[in-house]
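Report on one structure; see the data block that follows.
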Amino acid sequence: MAPATPGTAPLGVWPGTAYPLGATYDGAGTNFSLFSEAAKRVELCLIGEDNRETRIALDEVDGFVWHAYLPGIAPGQRYGFRVHGPYDPARGLRCDPSKLLLDPYGKAFGGEFGADAAPYNHGQNTLGHTMTGVVINPYFDWADDRSPKRPYHETVIYEAHVKGMTFTHPEVPPELRGTFAGMAHPAIIEHLKSLGITAVELMPVHQFLHDRVLLDRGLRNYWGYNSFGYFAPHREYAANGSPGAAVTEFKAMVRALHAADIEVILDVVYNHTAEGNEFGPTISFRGIDNAAYYRLVDDDPQHYMDYTGTGNSLNVRHPHTLQLIMDSLRYWILDMHVDGFRFDLAATLARELHDVDRLATFFDLVHQDPVVSQVKLIAEPWDVGEGGYQVGNFPAHWTEWNGKYRDTVRDYWRGQPATLGEFASRLTGSSDLYEATGRRPGASINFVTAHDGFTLADLVSYNEKHNAANGEGNRDGETYNRSWNCGVEGPTEDPEIRALRARQVRNLLATLLVSQGTPMLLHGDELGRTQRGNNNAYCQDSPLSWMDWSLMETNAELLEFTRRAVALRTAHPVFRRRRFFDGRPAPDHDHPDDIAWFTPAGAEMTDADWETGFGRSLTVFLNGDGIREPGPRGERITDDSFLLCFNAHDAALGFTLPDADHGAGWTVALDCSTPTGEPSANTTHPAASTVEVPARCLLVLRRTA
C-alpha cells in the first residue's frame with residue numbers, strides 16, 4: 001500500500017488500538033492513540049505542506065482512549081489533535097478545539113512556536129503558531145550497546161548541559177556544537193575520561209518551551225526546566241534539522257558514551273509543564289484534559305496548585321498522569337538506553353494530598369516496576385511547597401542530592417561556627433539520613449556546586465549574587481549562598497586573595513572526592529568556570545553559561561588537581577565503601593577500628609571536642625584493613641590506610657600523627673596547598689611526628705609502613 005501524501009486523506013482508517021499511546025509506526029502504517037476523559041470528540045490532524053490540515057475523527061474509544069490506525073502513514077508525518085469538549089474554566093474544564101494540541105506521548109516535534117498570542121487566547125486557531133508532533137522511525141542499530149551498570153560506590157557523576165558543554169569546544173566541528181552529536185564527539189568524551197567521570201547527568205533534554213516572558217526580554221530558557229514533551233529529545237540539540245533527527249542523534253550519543261564506559265543520566269521534570277498557570281499557553285495537556293493532568297485548587301479549580309514556583313503541578317493522583325510518567329521512564333530506558341534519572345523537585349511527586357507522602361503511589365509504582373526500579377534513581381528531595389524539604393526521607397532504592405552535605409562542607413571551609421560532628425556525618429556518608437531506611441552511603445549524592453547556584457570559582461569569589469543580566473532586578477536566585485569571597489567581591493589582582501581562592505577551590509574538590517557517598521561535579525568547575533556571580537543563569541544562553549575551553553590552558557593546574565583527586569578516589573576503595581563505618585576493629589582484630597578521629601594534637605576526639613562550635617581542625621584515620629564488605633566475587637577488600645588532616649583555621653597548624661598502631665610511616669598523597677595537589681616533597685613522616693598543615697588546607701597522607 002502506498003503511503004498517504006502528508007496533509008491528505010489517508011487510504012483507510014482502521015480501528016487501531018488504545019495502547020501504546022501516542023503515534024507508533026510499525027513499518028506499514030501508524031497507530032494514533034490519545035487519552036482524554038473530558039473530550040466529547042477528538043480529531044487527529046495530519047499536517048502537510050503549507051500547513052494544509054486533514055482532520056480525521058477518532059471514533060474508536062476504549063477507557064477514554066481515542067484511537068485509530070492509518071495504513072501508509074510513515075515517519076516524518078506531522079500531526080496534532082483537536083479536542084472537542086466543555087470549556088468552563090471555573091469548573092477546571094478547558095477544552096478548546098481551536099487549539100492544535102501536541103501529543104503528550106509525541107516522540108519528536110517539528111516547527112516552531114509563534115511569537116504571537118494565539119496559544120494564549122481561547123478560540124484562536126493555533127495551526128501555524130505552534131509546533132507539531134512528528135511520527136518517528138523507531139528502528140536504530142544499537143550494535144553491541146550495553147549499559148555500564150556501574151554501582152553507586154564506583155560512580156563519579158558530572159552534571160553537564162548539552163549546549164553549554166559543546167558550543168565553544170575548538171575540536172568539535174562547528175556544525176556539531178551545541179548538540180547531542182557534539183556531546184558524543186571524541187574530544188568531549190576524552191575530557192570526561194581523563195577526569196575519571198563514570199556518568200554524565202544531562203540537564204533537561206526533554207522537549208521544552210522558551211518562556212514568552214524571557215523571549216520578550218531577549219533571553220531564552222537555557223536550562224530547559226520547562227518541559228512538555230516527555231518522550232522527545234529537545235529538537236534544538238539536533239545537528240540535522242530534519243524532523244525526528246534528534247531521536248537518532250540522541251541514541252547515537254548514548255551509544256558513544258556507553259562505548260566509553262560512561263553512563264547517561266537524565267535530569268527530568270515531571271513536576272510541572274511548560275503550560276504554566278491559567279494565563280499560560282494551551283499547547284497540549286490543558287486542552288486535552290486539564291483536570292486529569294494538573295493539580296487544581298480543590299475549591300477553585302480555575303486555578304492551579306503550584307508546588308514548583310512555575311505555575312502548575314502535574315496531578316500525580318490521577319492514574320493516566322502516573323501512566324504518562326511511568327511510560328516515559330520506561331521509554332527512555334528501553335528505547336533510548338539511558339541509565340538513570342535525576343528527578344527535579346521530586347518532593348512534588350510525593351504530594352498525593354497536600355503533605356509530602358514518602359510512600360506515595362508514584363514511588364510504589366517505581367518500586368515494583370521491573371524496568372524503572374533497576375536504573376539509577378536520584379531525587380532532588382525538595383520543592384517550594386510547605387514541608388517540601390525532604391532530604392533523607394525518600395524510599396529505599398532512591399538516592400538523593402544531599403543538600404545538607406553541600407551546606408555543611410561550604411560552611412566548614414568558609415569558617416562558619418558549626419559542630420565538627422555535623423561535618424563528620426557528611427564526610428562519612430550521612431548515615432544519620434540514610435541508614436535507617438536500609439540505604440548505603442551511595443544514597444548520598446554529594447555535591448558542593450550544581451547548575452542552580454554559584455559555580456565553584458564563584459563560590460569563593462562572591463558574597464552576593466549578581467543576577468542583573470536576568471532582567472529581574474537581581475531579585476531572582478538564592479540570597480543565602482554560604483559563599484565567601486575571601487576578602488574582595490569579584491575579580492581581583494591581589495595575589496594573596498587569588499592564591500587563597502585557588503586553595504579553597506582545591507579544598508572543596510578534595511573534600512568531595514574523599515567523602516563516602518557518590519560525588520557529583522558541576523561541568524566546568526575543573527576549569528575554574530565563572531558566571532561572574534550569577535547564581536541563577538537559567539536564562540543565559542550565552543558565553544556567561546557556556547564552557548570556556550580556553551581555561552584548559554589558563555587553569556591547567558586546577559584541571560590536573562581535579563584529575564589527581566578523582567584518580568585517588570578511583571584507586572582506593574577506602575574512600576568509596578559500600579557500607580557505613582561501624583567503628584569496630586578490622587576483621588583480624590590486629591588492626592585499629594575502621595575509622596578513628598583525632599585532634600590536631602594527636603589525641604582521640606572526646607565528646608567535648610565534637611561539640612566545640614569553634615572547632616576548625618581534625619584528623620580522620622581511614623583503615624584500609626577495616627573494610628568489611630566483600631568484593632563482587634565475595635573476596636575480601638583491603639586497601640592502603642589514609643589520614644585526612646583538615647585545617648580550616650586561618651593559620652598553619654602542627655598535626656601530631658597517631659601512634660604506631662595506626663601506621664609506622666606516612667607520606668603525602670594529596671596536598672591542597674600546591675597548585676596540582678602534588679606533594680612538595682616525598683618525605684616519610686614517622687608515627688607520632690608532627691606535620692605542619694598550612695592555613696585552610698586539606699592534607700591527605702597515605703600509610704607506607
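Scheme for the C-alpha cells: letters A, B, ... for chains in order shown; per-chain residue numbers from 1; ligand numbers from 1 in order shown.
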
Give me the residues within 12 Å of Thr437 (chain A) as a short mmCIF file (atom, residue, chain, number, x, y, z; two decimals) with all heavy atoms, in the first residue's frame, counting only C-alpha atoms and dropping any in the same chain fewer than 4 places off.
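Once written, part-v2.cif looks like this:
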```cif
data_model
loop_
_atom_site.label_atom_id
_atom_site.label_comp_id
_atom_site.auth_asym_id
_atom_site.auth_seq_id
_atom_site.Cartn_x
_atom_site.Cartn_y
_atom_site.Cartn_z
N ARG A 358 5.96 9.99 51.80
CA ARG A 358 7.11 9.21 51.35
C ARG A 358 6.66 7.94 50.62
O ARG A 358 7.37 7.41 49.78
CB ARG A 358 8.00 8.86 52.54
CG ARG A 358 9.30 8.17 52.14
CD ARG A 358 10.21 7.98 53.33
NE ARG A 358 9.61 7.15 54.35
CZ ARG A 358 9.69 5.81 54.35
NH1 ARG A 358 10.31 5.18 53.38
NH2 ARG A 358 9.14 5.12 55.31
N GLY A 392 16.74 12.95 53.00
CA GLY A 392 16.80 11.78 53.86
C GLY A 392 15.51 11.00 53.97
O GLY A 392 15.49 9.93 54.58
N ASN A 393 14.43 11.48 53.36
CA ASN A 393 13.12 10.86 53.55
C ASN A 393 12.60 10.09 52.36
O ASN A 393 11.44 9.67 52.36
CB ASN A 393 12.10 11.93 53.95
CG ASN A 393 12.34 12.48 55.34
OD1 ASN A 393 12.92 11.79 56.18
ND2 ASN A 393 11.95 13.71 55.57
N PHE A 394 13.41 9.90 51.34
CA PHE A 394 12.93 9.14 50.19
C PHE A 394 13.08 7.64 50.44
O PHE A 394 13.85 7.21 51.29
CB PHE A 394 13.65 9.60 48.92
CG PHE A 394 13.03 10.83 48.32
CD1 PHE A 394 13.16 12.06 48.96
CD2 PHE A 394 12.27 10.75 47.18
CE1 PHE A 394 12.56 13.20 48.44
CE2 PHE A 394 11.67 11.88 46.64
CZ PHE A 394 11.80 13.11 47.27
N PRO A 395 12.33 6.83 49.68
CA PRO A 395 12.30 5.38 49.97
C PRO A 395 13.59 4.67 49.59
O PRO A 395 14.48 5.22 48.94
CB PRO A 395 11.13 4.88 49.09
CG PRO A 395 10.38 6.09 48.66
CD PRO A 395 11.37 7.21 48.64
N ALA A 396 13.66 3.39 49.97
CA ALA A 396 14.76 2.53 49.56
C ALA A 396 14.84 2.50 48.04
O ALA A 396 13.83 2.69 47.35
CB ALA A 396 14.54 1.12 50.11
N HIS A 397 16.02 2.27 47.53
CA HIS A 397 16.35 2.25 46.10
C HIS A 397 16.56 3.65 45.53
O HIS A 397 17.00 3.78 44.39
CB HIS A 397 15.30 1.50 45.27
CG HIS A 397 15.09 0.09 45.66
ND1 HIS A 397 16.12 -0.82 45.77
CD2 HIS A 397 13.96 -0.59 46.00
CE1 HIS A 397 15.64 -1.98 46.14
NE2 HIS A 397 14.34 -1.87 46.29
N TRP A 398 16.21 4.69 46.29
CA TRP A 398 16.41 6.05 45.80
C TRP A 398 17.67 6.63 46.41
O TRP A 398 18.01 6.38 47.57
CB TRP A 398 15.22 6.94 46.17
CG TRP A 398 14.02 6.72 45.31
CD1 TRP A 398 13.16 5.66 45.36
CD2 TRP A 398 13.57 7.56 44.24
NE1 TRP A 398 12.19 5.80 44.40
CE2 TRP A 398 12.42 6.95 43.70
CE3 TRP A 398 14.02 8.76 43.71
CZ2 TRP A 398 11.72 7.52 42.63
CZ3 TRP A 398 13.33 9.33 42.66
CH2 TRP A 398 12.19 8.70 42.12
N THR A 399 18.36 7.43 45.62
CA THR A 399 19.44 8.25 46.14
C THR A 399 18.97 9.71 46.10
O THR A 399 17.96 10.03 45.50
CB THR A 399 20.72 8.08 45.31
OG1 THR A 399 20.49 8.55 43.98
CG2 THR A 399 21.15 6.62 45.27
N SER A 431 25.10 8.70 57.44
CA SER A 431 24.32 7.56 57.95
C SER A 431 23.11 8.01 58.74
O SER A 431 22.10 7.30 58.80
CB SER A 431 25.22 6.67 58.83
OG SER A 431 25.71 7.40 59.96
N ASP A 432 23.17 9.21 59.33
CA ASP A 432 22.02 9.73 60.07
C ASP A 432 20.83 9.97 59.16
O ASP A 432 19.67 9.98 59.62
CB ASP A 432 22.38 11.03 60.80
CG ASP A 432 22.91 12.11 59.86
OD1 ASP A 432 23.63 11.78 58.90
OD2 ASP A 432 22.61 13.30 60.09
N LEU A 433 21.05 10.14 57.88
CA LEU A 433 19.97 10.39 56.93
C LEU A 433 19.51 9.12 56.22
O LEU A 433 18.33 9.01 55.86
CB LEU A 433 20.42 11.40 55.88
CG LEU A 433 20.82 12.80 56.37
CD1 LEU A 433 21.31 13.64 55.20
CD2 LEU A 433 19.65 13.48 57.07
N PRO A 441 25.89 4.21 51.84
CA PRO A 441 26.48 5.54 51.64
C PRO A 441 26.26 6.11 50.24
O PRO A 441 26.13 7.32 50.07
CB PRO A 441 27.97 5.29 51.90
CG PRO A 441 28.00 4.14 52.84
CD PRO A 441 26.86 3.27 52.43
N ALA A 443 23.71 6.32 48.64
CA ALA A 443 22.44 7.05 48.55
C ALA A 443 22.65 8.55 48.68
O ALA A 443 21.78 9.34 48.28
CB ALA A 443 21.48 6.56 49.63
#
```

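Look at Asn467 (chain A): the protein and nucleic acid residues within 10 Å of it, using only C-alpha atoms and passing over chain neighbours fewer than 3 places away, are Glu464, Asn470, Gly471, Glu472, Gly473, Asn474, Arg475, Asp476, Gly477, Gln531, Arg532, Gly533, Asn534, Asn535, Asn536 and Ala537 of chain A.
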
Those same residues - N, CA, C and O atoms - I'd like them written as an mmCIF file, in the first residue's frame.
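What follows is the written file part_23.cif:
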```
data_model
loop_
_atom_site.group_PDB
_atom_site.id
_atom_site.type_symbol
_atom_site.label_atom_id
_atom_site.label_comp_id
_atom_site.auth_asym_id
_atom_site.auth_seq_id
_atom_site.Cartn_x
_atom_site.Cartn_y
_atom_site.Cartn_z
ATOM 1 N N GLU A 464 27.767 37.951 47.374
ATOM 2 C CA GLU A 464 26.410 38.303 46.951
ATOM 3 C C GLU A 464 26.167 37.807 45.531
ATOM 4 O O GLU A 464 27.100 37.701 44.727
ATOM 5 N N ASN A 470 19.726 38.923 34.214
ATOM 6 C CA ASN A 470 18.487 38.164 34.051
ATOM 7 C C ASN A 470 17.269 39.060 33.875
ATOM 8 O O ASN A 470 16.180 38.567 33.571
ATOM 9 N N GLY A 471 17.430 40.351 34.123
ATOM 10 C CA GLY A 471 16.329 41.278 33.907
ATOM 11 C C GLY A 471 15.255 41.265 34.972
ATOM 12 O O GLY A 471 14.129 41.702 34.722
ATOM 13 N N GLU A 472 15.597 40.795 36.160
ATOM 14 C CA GLU A 472 14.607 40.722 37.237
ATOM 15 C C GLU A 472 15.026 41.553 38.450
ATOM 16 O O GLU A 472 14.626 41.269 39.578
ATOM 17 N N GLY A 473 15.834 42.561 38.207
ATOM 18 C CA GLY A 473 16.239 43.445 39.288
ATOM 19 C C GLY A 473 17.048 42.770 40.375
ATOM 20 O O GLY A 473 17.038 43.222 41.525
ATOM 21 N N ASN A 474 17.751 41.691 40.033
ATOM 22 C CA ASN A 474 18.566 40.925 40.991
ATOM 23 C C ASN A 474 17.728 40.314 42.109
ATOM 24 O O ASN A 474 18.239 39.972 43.174
ATOM 25 N N ARG A 475 16.419 40.153 41.854
ATOM 26 C CA ARG A 475 15.547 39.555 42.864
ATOM 27 C C ARG A 475 15.520 38.034 42.758
ATOM 28 O O ARG A 475 15.125 37.366 43.710
ATOM 29 N N ASP A 476 15.870 37.492 41.621
ATOM 30 C CA ASP A 476 15.815 36.046 41.424
ATOM 31 C C ASP A 476 17.064 35.392 41.994
ATOM 32 O O ASP A 476 18.078 36.044 42.244
ATOM 33 N N GLY A 477 16.993 34.084 42.186
ATOM 34 C CA GLY A 477 18.151 33.356 42.694
ATOM 35 C C GLY A 477 18.219 33.370 44.205
ATOM 36 O O GLY A 477 17.664 34.243 44.877
ATOM 37 N N GLN A 531 30.503 32.372 36.227
ATOM 38 C CA GLN A 531 29.320 33.046 35.689
ATOM 39 C C GLN A 531 29.256 34.481 36.205
ATOM 40 O O GLN A 531 28.204 35.087 36.244
ATOM 41 N N ARG A 532 30.420 34.978 36.627
ATOM 42 C CA ARG A 532 30.575 36.355 37.096
ATOM 43 C C ARG A 532 29.567 36.692 38.205
ATOM 44 O O ARG A 532 28.997 37.779 38.238
ATOM 45 N N GLY A 533 29.349 35.722 39.074
ATOM 46 C CA GLY A 533 28.498 35.962 40.236
ATOM 47 C C GLY A 533 27.024 35.731 39.998
ATOM 48 O O GLY A 533 26.218 35.930 40.917
ATOM 49 N N ASN A 534 26.641 35.312 38.812
ATOM 50 C CA ASN A 534 25.232 34.988 38.553
ATOM 51 C C ASN A 534 24.959 33.600 39.114
ATOM 52 O O ASN A 534 25.574 32.616 38.689
ATOM 53 N N ASN A 535 24.038 33.508 40.059
ATOM 54 C CA ASN A 535 23.751 32.213 40.682
ATOM 55 C C ASN A 535 22.428 31.629 40.214
ATOM 56 O O ASN A 535 21.903 30.697 40.818
ATOM 57 N N ASN A 536 21.885 32.172 39.114
ATOM 58 C CA ASN A 536 20.619 31.667 38.580
ATOM 59 C C ASN A 536 20.612 31.888 37.070
ATOM 60 O O ASN A 536 19.765 32.591 36.527
ATOM 61 N N ALA A 537 21.541 31.241 36.385
ATOM 62 C CA ALA A 537 21.773 31.519 34.965
ATOM 63 C C ALA A 537 20.821 30.745 34.059
ATOM 64 O O ALA A 537 21.166 30.402 32.928
#
```

Using DSSP secondary structure from the backbone, list all strand (DSSP E or B) positions within region 29-225 of chain A, as a CSV table (one decimal) with N, CA, C and O atoms, in the first residue's frame.
```
chain,number,residue,atom,x,y,z
A,29,GLY,N,2.3,1.4,8.7
A,29,GLY,CA,1.4,2.5,9.0
A,29,GLY,C,1.7,2.9,10.4
A,29,GLY,O,2.6,2.5,11.1
A,30,THR,N,0.8,3.8,10.9
A,30,THR,CA,1.0,4.4,12.2
A,30,THR,C,-0.3,4.3,13.0
A,30,THR,O,-1.4,4.6,12.5
A,31,ASN,N,-0.2,3.8,14.3
A,31,ASN,CA,-1.3,3.8,15.2
A,31,ASN,C,-1.3,5.1,16.0
A,31,ASN,O,-0.2,5.5,16.5
A,32,PHE,N,-2.4,5.8,16.1
A,32,PHE,CA,-2.5,7.0,16.9
A,32,PHE,C,-3.5,6.8,18.1
A,32,PHE,O,-4.5,6.2,17.9
A,33,SER,N,-3.1,7.3,19.3
A,33,SER,CA,-3.9,7.0,20.5
A,33,SER,C,-3.7,8.2,21.4
A,33,SER,O,-2.6,8.6,21.7
A,34,LEU,N,-4.8,8.6,22.0
A,34,LEU,CA,-4.8,9.8,22.9
A,34,LEU,C,-5.8,9.6,24.0
A,34,LEU,O,-7.0,9.3,23.8
A,35,PHE,N,-5.4,9.8,25.2
A,35,PHE,CA,-6.3,9.8,26.4
A,35,PHE,C,-6.9,11.1,26.6
A,35,PHE,O,-6.2,12.1,26.6
A,41,ARG,N,-15.4,14.7,21.6
A,41,ARG,CA,-15.0,14.3,20.3
A,41,ARG,C,-13.5,14.7,20.1
A,41,ARG,O,-13.1,15.7,20.6
A,42,VAL,N,-12.8,13.8,19.4
A,42,VAL,CA,-11.3,14.0,19.2
A,42,VAL,C,-11.0,13.9,17.7
A,42,VAL,O,-11.5,12.9,17.1
A,43,GLU,N,-10.3,14.8,17.1
A,43,GLU,CA,-9.9,14.7,15.8
A,43,GLU,C,-8.3,14.6,15.7
A,43,GLU,O,-7.6,15.4,16.3
A,44,LEU,N,-7.9,13.7,14.9
A,44,LEU,CA,-6.4,13.6,14.6
A,44,LEU,C,-6.2,14.5,13.4
A,44,LEU,O,-7.0,14.5,12.4
A,45,CYS,N,-5.2,15.4,13.4
A,45,CYS,CA,-5.0,16.4,12.4
A,45,CYS,C,-3.6,16.0,11.7
A,45,CYS,O,-2.6,16.1,12.4
A,46,LEU,N,-3.6,15.7,10.5
A,46,LEU,CA,-2.4,15.4,9.7
A,46,LEU,C,-2.0,16.8,9.0
A,46,LEU,O,-2.9,17.4,8.3
A,47,ILE,N,-0.8,17.2,9.2
A,47,ILE,CA,-0.4,18.5,8.7
A,47,ILE,C,0.6,18.3,7.5
A,47,ILE,O,1.6,17.6,7.6
A,53,GLU,N,-4.2,21.0,6.4
A,53,GLU,CA,-4.6,20.2,7.5
A,53,GLU,C,-5.7,19.2,7.1
A,53,GLU,O,-6.7,19.6,6.5
A,54,THR,N,-5.5,17.9,7.4
A,54,THR,CA,-6.5,16.9,7.2
A,54,THR,C,-7.0,16.4,8.5
A,54,THR,O,-6.2,15.9,9.3
A,55,ARG,N,-8.3,16.5,8.8
A,55,ARG,CA,-8.8,16.1,10.1
A,55,ARG,C,-9.5,14.7,9.9
A,55,ARG,O,-10.3,14.5,9.0
A,56,ILE,N,-9.2,13.9,10.9
A,56,ILE,CA,-9.8,12.5,10.9
A,56,ILE,C,-10.4,12.3,12.3
A,56,ILE,O,-9.7,12.3,13.3
A,57,ALA,N,-11.7,12.0,12.3
A,57,ALA,CA,-12.3,11.7,13.6
A,57,ALA,C,-11.9,10.4,14.1
A,57,ALA,O,-11.8,9.4,13.4
A,60,GLU,N,-13.1,5.4,17.6
A,60,GLU,CA,-12.9,4.3,18.5
A,60,GLU,C,-12.4,4.9,19.8
A,60,GLU,O,-11.4,5.6,19.9
A,61,VAL,N,-13.2,4.5,20.9
A,61,VAL,CA,-12.8,4.9,22.3
A,61,VAL,C,-12.9,3.8,23.2
A,61,VAL,O,-14.0,3.1,23.3
A,62,ASP,N,-11.8,3.5,23.9
A,62,ASP,CA,-11.8,2.5,24.9
A,62,ASP,C,-11.2,3.0,26.2
A,62,ASP,O,-10.0,3.5,26.2
A,65,VAL,N,-9.7,6.4,25.9
A,65,VAL,CA,-8.6,6.5,25.0
A,65,VAL,C,-9.1,6.4,23.6
A,65,VAL,O,-9.8,5.5,23.2
A,66,TRP,N,-8.8,7.5,22.8
A,66,TRP,CA,-9.3,7.6,21.4
A,66,TRP,C,-8.2,7.2,20.5
A,66,TRP,O,-7.1,7.6,20.6
A,67,HIS,N,-8.6,6.3,19.5
A,67,HIS,CA,-7.5,5.8,18.7
A,67,HIS,C,-8.0,5.4,17.3
A,67,HIS,O,-9.1,5.2,17.0
A,68,ALA,N,-7.0,5.2,16.4
A,68,ALA,CA,-7.1,4.8,15.0
A,68,ALA,C,-5.8,4.4,14.5
A,68,ALA,O,-4.7,4.8,14.9
A,69,TYR,N,-5.8,3.5,13.5
A,69,TYR,CA,-4.6,3.1,12.7
A,69,TYR,C,-4.7,3.6,11.3
A,69,TYR,O,-5.8,3.3,10.6
A,70,LEU,N,-3.7,4.2,10.8
A,70,LEU,CA,-3.7,4.7,9.4
A,70,LEU,C,-2.7,4.1,8.6
A,70,LEU,O,-1.5,4.3,8.8
A,71,PRO,N,-3.1,3.2,7.7
A,71,PRO,CA,-2.1,2.5,6.8
A,71,PRO,C,-1.4,3.5,6.0
A,71,PRO,O,-1.9,4.5,5.5
A,78,ARG,N,3.8,15.0,10.0
A,78,ARG,CA,3.5,15.9,11.1
A,78,ARG,C,2.0,15.8,11.5
A,78,ARG,O,1.1,15.5,10.7
A,79,TYR,N,1.7,15.9,12.8
A,79,TYR,CA,0.3,15.7,13.3
A,79,TYR,C,0.1,16.5,14.6
A,79,TYR,O,1.0,16.9,15.3
A,80,GLY,N,-1.2,16.5,14.9
A,80,GLY,CA,-1.6,17.1,16.2
A,80,GLY,C,-3.0,16.6,16.5
A,80,GLY,O,-3.6,15.8,15.7
A,81,PHE,N,-3.7,17.1,17.5
A,81,PHE,CA,-5.0,16.7,17.9
A,81,PHE,C,-5.9,18.0,18.1
A,81,PHE,O,-5.4,19.0,18.6
A,82,ARG,N,-7.2,17.8,17.8
A,82,ARG,CA,-8.1,18.8,18.3
A,82,ARG,C,-9.2,18.1,19.2
A,82,ARG,O,-9.7,17.1,18.7
A,83,VAL,N,-9.4,18.7,20.4
A,83,VAL,CA,-10.2,18.0,21.3
A,83,VAL,C,-11.5,18.9,21.5
A,83,VAL,O,-11.4,20.1,22.0
A,84,HIS,N,-12.6,18.3,21.3
A,84,HIS,CA,-13.9,19.0,21.4
A,84,HIS,C,-14.5,18.6,22.8
A,84,HIS,O,-14.6,17.4,23.1
A,87,TYR,N,-15.8,23.9,27.7
A,87,TYR,CA,-14.8,24.9,28.1
A,87,TYR,C,-15.5,25.7,29.3
A,87,TYR,O,-16.4,26.5,29.0
A,88,ASP,N,-15.1,25.4,30.5
A,88,ASP,CA,-15.7,26.1,31.7
A,88,ASP,C,-14.6,26.2,32.7
A,88,ASP,O,-14.5,25.4,33.6
A,93,LEU,N,-12.4,23.0,33.4
A,93,LEU,CA,-12.6,22.4,32.1
A,93,LEU,C,-12.1,23.4,31.0
A,93,LEU,O,-12.6,24.5,31.0
A,94,ARG,N,-11.1,23.0,30.2
A,94,ARG,CA,-10.5,23.9,29.3
A,94,ARG,C,-10.3,23.3,27.9
A,94,ARG,O,-9.3,23.6,27.2
A,101,LEU,N,-3.3,20.6,19.3
A,101,LEU,CA,-2.7,20.2,20.5
A,101,LEU,C,-1.6,19.2,20.3
A,101,LEU,O,-1.8,18.3,19.4
A,109,PHE,N,9.1,16.5,17.7
A,109,PHE,CA,8.3,17.7,17.3
A,109,PHE,C,9.0,18.5,16.3
A,109,PHE,O,10.3,18.6,16.2
A,110,GLY,N,8.2,19.1,15.4
A,110,GLY,CA,8.8,19.9,14.3
A,110,GLY,C,8.1,21.3,14.4
A,110,GLY,O,7.2,21.6,15.1
A,132,THR,N,4.4,20.9,16.0
A,132,THR,CA,3.5,19.8,15.7
A,132,THR,C,4.3,18.5,16.1
A,132,THR,O,5.5,18.5,16.1
A,133,GLY,N,3.5,17.4,16.3
A,133,GLY,CA,4.2,16.1,16.5
A,133,GLY,C,4.7,15.6,15.2
A,133,GLY,O,4.3,16.0,14.1
A,134,VAL,N,5.7,14.7,15.3
A,134,VAL,CA,6.3,14.1,14.1
A,134,VAL,C,6.4,12.6,14.3
A,134,VAL,O,7.0,12.2,15.4
A,157,ILE,N,29.8,11.3,39.1
A,157,ILE,CA,28.8,12.0,38.3
A,157,ILE,C,29.3,13.4,37.8
A,157,ILE,O,30.0,14.1,38.6
A,158,TYR,N,29.0,13.7,36.6
A,158,TYR,CA,29.4,15.0,36.0
A,158,TYR,C,28.1,15.7,35.5
A,158,TYR,O,27.6,15.2,34.5
A,159,GLU,N,27.7,16.7,36.2
A,159,GLU,CA,26.4,17.4,35.7
A,159,GLU,C,26.8,18.3,34.5
A,159,GLU,O,27.7,19.2,34.7
A,160,ALA,N,26.1,18.1,33.4
A,160,ALA,CA,26.5,18.9,32.2
A,160,ALA,C,25.3,19.3,31.4
A,160,ALA,O,24.2,18.8,31.6
A,199,ALA,N,29.7,8.9,34.8
A,199,ALA,CA,28.3,9.1,34.5
A,199,ALA,C,28.2,10.6,34.2
A,199,ALA,O,28.6,11.4,35.0
A,200,VAL,N,27.5,10.9,33.1
A,200,VAL,CA,27.1,12.3,32.8
A,200,VAL,C,25.6,12.4,33.2
A,200,VAL,O,24.8,11.6,32.8
A,201,GLU,N,25.3,13.5,33.9
A,201,GLU,CA,23.9,13.8,34.3
A,201,GLU,C,23.6,15.0,33.4
A,201,GLU,O,24.0,16.1,33.7
A,202,LEU,N,22.8,14.8,32.4
A,202,LEU,CA,22.5,15.8,31.5
A,202,LEU,C,21.3,16.7,32.0
A,202,LEU,O,20.2,16.1,32.3
A,206,HIS,N,14.4,16.7,27.6
A,206,HIS,CA,13.0,16.6,27.0
A,206,HIS,C,12.7,17.8,26.3
A,206,HIS,O,13.1,18.9,26.7
A,207,GLN,N,11.9,17.7,25.3
A,207,GLN,CA,11.5,18.9,24.5
A,207,GLN,C,10.9,20.0,25.4
A,207,GLN,O,10.0,19.7,26.2
A,208,PHE,N,11.4,21.2,25.4
A,208,PHE,CA,10.9,22.2,26.3
A,208,PHE,C,10.6,23.5,25.5
A,208,PHE,O,10.9,23.6,24.3
```

query = Please, which residues of region 212-336 of chain A, numbered as in this document, come out helix (DSSP H, G or I) from DSSP, as a PyMOL selection string?
reply = chain A and resi 212-216+235-237+245-259+285-293+319-334

key: Contact residues around Tyr270 (chain A) with only C-alpha atoms at 8 Å, ignoring same-chain residues under 2 positions, as a ChimeraX atom specification   = /A:268,272-273,314,325,343-344,349

request  = Figure out the distance between CA of Cys645 (chain A) and CA of Ala705 (chain A), please, to one decimal in Å.
outcome  = 18.4 Å

ask   = For the atom pair CA of Phe250 (chain A) and CA of Ala181 (chain A), what is the interatomic distance in Å to one decimal place?
value = 7.5 Å

Sorted by chain and rising residue number, list the residues of region 75-192 of chain A at most 12 Å from region 370-375 of chain A (counting only C-alpha atoms), each with its closest atom pair and distance in Å to one decimal, as JSON lines.
```
{"residue": "A:Ser147", "atom": "CA", "partner": "A:Val375", "partner_atom": "CA", "distance": 9.8}
{"residue": "A:Pro148", "atom": "CA", "partner": "A:Val375", "partner_atom": "CA", "distance": 11.0}
{"residue": "A:Lys149", "atom": "CA", "partner": "A:Val375", "partner_atom": "CA", "distance": 8.1}
{"residue": "A:Arg150", "atom": "CA", "partner": "A:Val375", "partner_atom": "CA", "distance": 10.0}
{"residue": "A:Pro151", "atom": "CA", "partner": "A:Val375", "partner_atom": "CA", "distance": 10.1}
{"residue": "A:Tyr152", "atom": "CA", "partner": "A:Val375", "partner_atom": "CA", "distance": 10.8}
```

ask   = Between CA of Gly276 (chain A) and CA of Asn312 (chain A), what is the distance, to one decimal in Å?
value =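 Answer for the CA of Gly276 (chain A) to CA of Asn312 (chain A) separation: 5.5 Å.
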
inquiry  = Give me, as a list in words, all polymer residues having an atom no more than 8 Å from Phe581 (chain A), counting only C-alpha atoms and skipping those fewer than 3 positions away in the same chain.
reply    =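 The residues satisfying every condition are Thr428, Asp594 and Ile595 of chain A.
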
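Compared by their closest atoms to Ser36 (chain A), and using only C-alpha atoms, the residues A:Val135, A:Ala18, A:Ala117, A:Leu643 rank with A:Ala18 nearest.
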
query = Hey, what's within 12 Å of Pro173 (chain A) if we count only C-alpha atoms and toss same-chain stuff fewer than 5 positions away? As a list in words, please?
reply =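 After dropping sequence-adjacent residues, the list is Thr166, Phe167, Thr168, Gly178, Thr179, Ala181, Gly182, Met183, Ala184, His185, Pro186, Ala187, Ile188 and Ala239 of chain A.
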